[in-house]
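> Would you mind keeping the following structure in view while I ask a few things?
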Amino acid sequence: MPVSRRTAIKTIGFTGGLTVASGTAFAMGEHEDDDYRPEEPADAAYVRVAHFSPDAPNVDVYVDDEPVLEDVAYGAISPYLELEPGTYTVAITAAGDPDAVVFEDDVTVEAGFYTVAAIGELEAETFRPEILVDADPLPEDGPDAAYVRVAHFSPDAPAVDVWADDAPLVENVSFEDVSGYLAVPAGTYTLAIRPAGDPETDVATFDVDLEAGAVYTGYAIGYLEPPRDVTDRDFTVELAVDGPPTVDEDVPAEESKEKADDGTEYDTKDDEKMDDGSKYDDEKADHEPAEKKKNGYHEEGDEKAAYEHDGKDDRKADDAC
């Protein structure tokens, strides 16, 4: 359930280095659960913050004067934070200095998913948040499609075209522009960022694996030509997974219960005991090779049947401050 207007409690999926204000620390880099997202919102707003201002320091984020994210580094994308729909005062300050406010304004959110991206430059006095609605609207397409949009947040890059393999994906995207979502067949692609109208010059290339039903935003960030005193801010693309999960998680069937003669319940999947007191599992026995069984159970040292559960790992993203 959503929490009070002054507290954001659910933090799900992240990329980059930041600390959630409750004190939980997250390390830099990818995370095995990046692809996990909240369920489809009914009456909640899910908001994440992305820090894409290349000359800004690490920042803290406040909602209605309460800290919700701390020490958000450039290039990081926060978890989705669950809020009740409504209007909030959002403030961004230098990390550890609540008086050094670089942005403060009211933000209204309805039920849905949002990314608040800090873009522009402090030095040029163009620093500001850009609010993106995630995973909505999506074009209608078949179940084998992935959905991709492009956000151009690199302050010194010209308008660009984005190519997927040998075909243009989006064209003439300028700084601060965000394309709509496009449906593409799921699969592996080499994406190329090229100056608008110049199909022969690659600004950057990278490989992506787009999964059916998944929703992505590619954020072009950083400097093509970094200022002399700026390091680790080169042009790159951060690919983020947007919104809720697109494939239902496997939910184990409810275990059946039967009643014993005395009326107590017991689980029919519990191991049965052999005459010698050892446990015997019917389900495992059915899956074990015959040569591995002796009297219905393993000899000491024999291998047990392996079971695998399919899972998915996502991208960065998608997408702190």
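In the structure tokens, the first chain shown is A, the next is B, and so on; residue numbers restart at 1 for each chain, and ligands run from 1 in the order shown.
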Taking the DSSP assignment computed from this structure's backbone, write out as an MDAnalysis selection string all residues of stretch 30-277 of chain A that belong to strand (DSSP E or B).
chainID A and resid 45:51 59:63 66:72 77 80:83 86:94 101:109 112:119 128:134 145:152 160:164 167:173 178 182:185 187:195 204:210 215:221 223 234 236:241 257:259 265:267 272:273
> Show me, as a ChimeraX atom specification, the residues that have an atom within 9 Å of stretch 91-104 of chain A when counting only C-alpha atoms, minus same-chain residues fewer than 3 positions from it.
/A:56-65,70-72,122,127-129,321
> Any idea what's packed within 10 Å of A:Leu224, counting only C-alpha atoms, ignoring anything in its chain fewer than 5 positions away? Could you give it as a list in words?
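The neighbour list is Ser154, Pro155, Asp156, Ala157, Pro158, Val203, Ala204, Arg233, Asp234, Phe235 and Thr236 of chain A.
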> Output N, CA and C atoms for every residue in that selection, as a PDB file, in the first residue's frame.

```
ATOM      1  N   SER A 154      22.608  14.926 -23.191  1.00  0.00           N
ATOM      2  CA  SER A 154      24.023  15.302 -23.276  1.00  0.00           C
ATOM      3  C   SER A 154      24.113  16.766 -23.697  1.00  0.00           C
ATOM      4  N   PRO A 155      24.602  17.662 -22.812  1.00  0.00           N
ATOM      5  CA  PRO A 155      24.487  19.105 -23.085  1.00  0.00           C
ATOM      6  C   PRO A 155      25.319  19.613 -24.251  1.00  0.00           C
ATOM      7  N   ASP A 156      26.397  18.916 -24.627  1.00  0.00           N
ATOM      8  CA  ASP A 156      27.211  19.436 -25.730  1.00  0.00           C
ATOM      9  C   ASP A 156      27.127  18.576 -26.986  1.00  0.00           C
ATOM     10  N   ALA A 157      26.208  17.625 -27.017  1.00  0.00           N
ATOM     11  CA  ALA A 157      26.050  16.788 -28.204  1.00  0.00           C
ATOM     12  C   ALA A 157      25.033  17.416 -29.151  1.00  0.00           C
ATOM     13  N   PRO A 158      25.255  17.299 -30.453  1.00  0.00           N
ATOM     14  CA  PRO A 158      24.282  17.826 -31.417  1.00  0.00           C
ATOM     15  C   PRO A 158      23.048  16.936 -31.463  1.00  0.00           C
ATOM     16  N   VAL A 203      28.989   8.269 -33.122  1.00  0.00           N
ATOM     17  CA  VAL A 203      29.402   8.926 -31.879  1.00  0.00           C
ATOM     18  C   VAL A 203      29.662   7.878 -30.809  1.00  0.00           C
ATOM     19  N   ALA A 204      28.820   6.860 -30.766  1.00  0.00           N
ATOM     20  CA  ALA A 204      28.979   5.756 -29.823  1.00  0.00           C
ATOM     21  C   ALA A 204      28.182   4.570 -30.340  1.00  0.00           C
ATOM     22  N   ARG A 233      33.056  11.890 -17.099  1.00  0.00           N
ATOM     23  CA  ARG A 233      31.755  12.384 -17.554  1.00  0.00           C
ATOM     24  C   ARG A 233      31.657  12.282 -19.077  1.00  0.00           C
ATOM     25  N   ASP A 234      32.347  11.312 -19.662  1.00  0.00           N
ATOM     26  CA  ASP A 234      32.330  11.158 -21.108  1.00  0.00           C
ATOM     27  C   ASP A 234      30.950  10.708 -21.594  1.00  0.00           C
ATOM     28  N   PHE A 235      30.674  11.002 -22.849  1.00  0.00           N
ATOM     29  CA  PHE A 235      29.402  10.636 -23.462  1.00  0.00           C
ATOM     30  C   PHE A 235      29.179   9.130 -23.361  1.00  0.00           C
ATOM     31  N   THR A 236      27.984   8.760 -22.943  1.00  0.00           N
ATOM     32  CA  THR A 236      27.608   7.350 -22.872  1.00  0.00           C
ATOM     33  C   THR A 236      26.095   7.243 -22.945  1.00  0.00           C
TER      34      THR A 236
END
```
> Within 10 Å of stretch 146-148 of chain A, counting only C-alpha atoms, which residues qualify if same-chain residues fewer than 6 places away don't, as a list in words?
Ala135, Leu138, Pro139, Leu169, Val170, Ser179, Gly180, Tyr181, Leu182, Ala183, Val184, Pro185, Ala186, Gly187, Asp209, Leu210, Glu211, Ala212, Gly213, Ala214, Val215, Tyr216, Thr217, Gly218, Leu239, Ala240, Val241 and Asp242 of chain A
> Would you pick out the contacts of A:Ala117 at 9 Å or less, using only C-alpha atoms, so that residues sharing its chain but fewer than 5 positions from it are not included, and give the list as a list in words?
Arg48, Val49, Ala50, His51, Phe52, Ser53, Ile77, Arg128, Pro129, Glu130, Ile131, Leu132, Ala320 and Cys321 of chain A
> Please save N, CA and C atoms of the selected residues as a PDB file, in the first residue's frame.

```pdb
ATOM      1  N   ARG A  48      11.159   7.549  -9.548  1.00  0.00           N
ATOM      2  CA  ARG A  48      12.592   7.355  -9.364  1.00  0.00           C
ATOM      3  C   ARG A  48      13.315   8.611  -9.820  1.00  0.00           C
ATOM      4  N   VAL A  49      14.554   8.745  -9.392  1.00  0.00           N
ATOM      5  CA  VAL A  49      15.337   9.947  -9.663  1.00  0.00           C
ATOM      6  C   VAL A  49      16.624   9.546 -10.365  1.00  0.00           C
ATOM      7  N   ALA A  50      16.991  10.299 -11.394  1.00  0.00           N
ATOM      8  CA  ALA A  50      18.210  10.026 -12.154  1.00  0.00           C
ATOM      9  C   ALA A  50      19.085  11.275 -12.177  1.00  0.00           C
ATOM     10  N   HIS A  51      20.365  11.103 -11.907  1.00  0.00           N
ATOM     11  CA  HIS A  51      21.323  12.217 -11.863  1.00  0.00           C
ATOM     12  C   HIS A  51      22.104  12.237 -13.171  1.00  0.00           C
ATOM     13  N   PHE A  52      21.697  13.108 -14.087  1.00  0.00           N
ATOM     14  CA  PHE A  52      22.330  13.195 -15.397  1.00  0.00           C
ATOM     15  C   PHE A  52      22.924  14.570 -15.666  1.00  0.00           C
ATOM     16  N   SER A  53      23.156  15.361 -14.631  1.00  0.00           N
ATOM     17  CA  SER A  53      23.804  16.666 -14.803  1.00  0.00           C
ATOM     18  C   SER A  53      25.310  16.476 -14.665  1.00  0.00           C
ATOM     19  N   ILE A  77      20.732   5.923 -11.155  1.00  0.00           N
ATOM     20  CA  ILE A  77      19.276   5.920 -11.280  1.00  0.00           C
ATOM     21  C   ILE A  77      18.729   5.260 -10.023  1.00  0.00           C
ATOM     22  N   ARG A 128      18.126  21.557 -14.190  1.00  0.00           N
ATOM     23  CA  ARG A 128      16.697  21.472 -13.905  1.00  0.00           C
ATOM     24  C   ARG A 128      16.276  20.008 -13.949  1.00  0.00           C
ATOM     25  N   PRO A 129      15.144  19.681 -13.341  1.00  0.00           N
ATOM     26  CA  PRO A 129      14.617  18.321 -13.460  1.00  0.00           C
ATOM     27  C   PRO A 129      13.707  18.189 -14.680  1.00  0.00           C
ATOM     28  N   GLU A 130      13.802  17.073 -15.335  1.00  0.00           N
ATOM     29  CA  GLU A 130      12.904  16.715 -16.433  1.00  0.00           C
ATOM     30  C   GLU A 130      12.067  15.525 -15.959  1.00  0.00           C
ATOM     31  N   ILE A 131      10.745  15.668 -16.000  1.00  0.00           N
ATOM     32  CA  ILE A 131       9.863  14.606 -15.511  1.00  0.00           C
ATOM     33  C   ILE A 131       9.355  13.794 -16.696  1.00  0.00           C
ATOM     34  N   LEU A 132       9.641  12.497 -16.675  1.00  0.00           N
ATOM     35  CA  LEU A 132       9.219  11.587 -17.731  1.00  0.00           C
ATOM     36  C   LEU A 132       8.181  10.618 -17.179  1.00  0.00           C
ATOM     37  N   ALA A 320      20.766   8.135 -10.809  1.00  0.00           N
ATOM     38  CA  ALA A 320      20.007   8.784  -9.869  1.00  0.00           C
ATOM     39  C   ALA A 320      19.904  10.167  -9.682  1.00  0.00           C
ATOM     40  N   CYS A 321      19.849  10.829  -9.355  1.00  0.00           N
ATOM     41  CA  CYS A 321      19.070  11.866  -8.886  1.00  0.00           C
ATOM     42  C   CYS A 321      17.962  11.718  -9.783  1.00  0.00           C
TER      43      CYS A 321
END
```
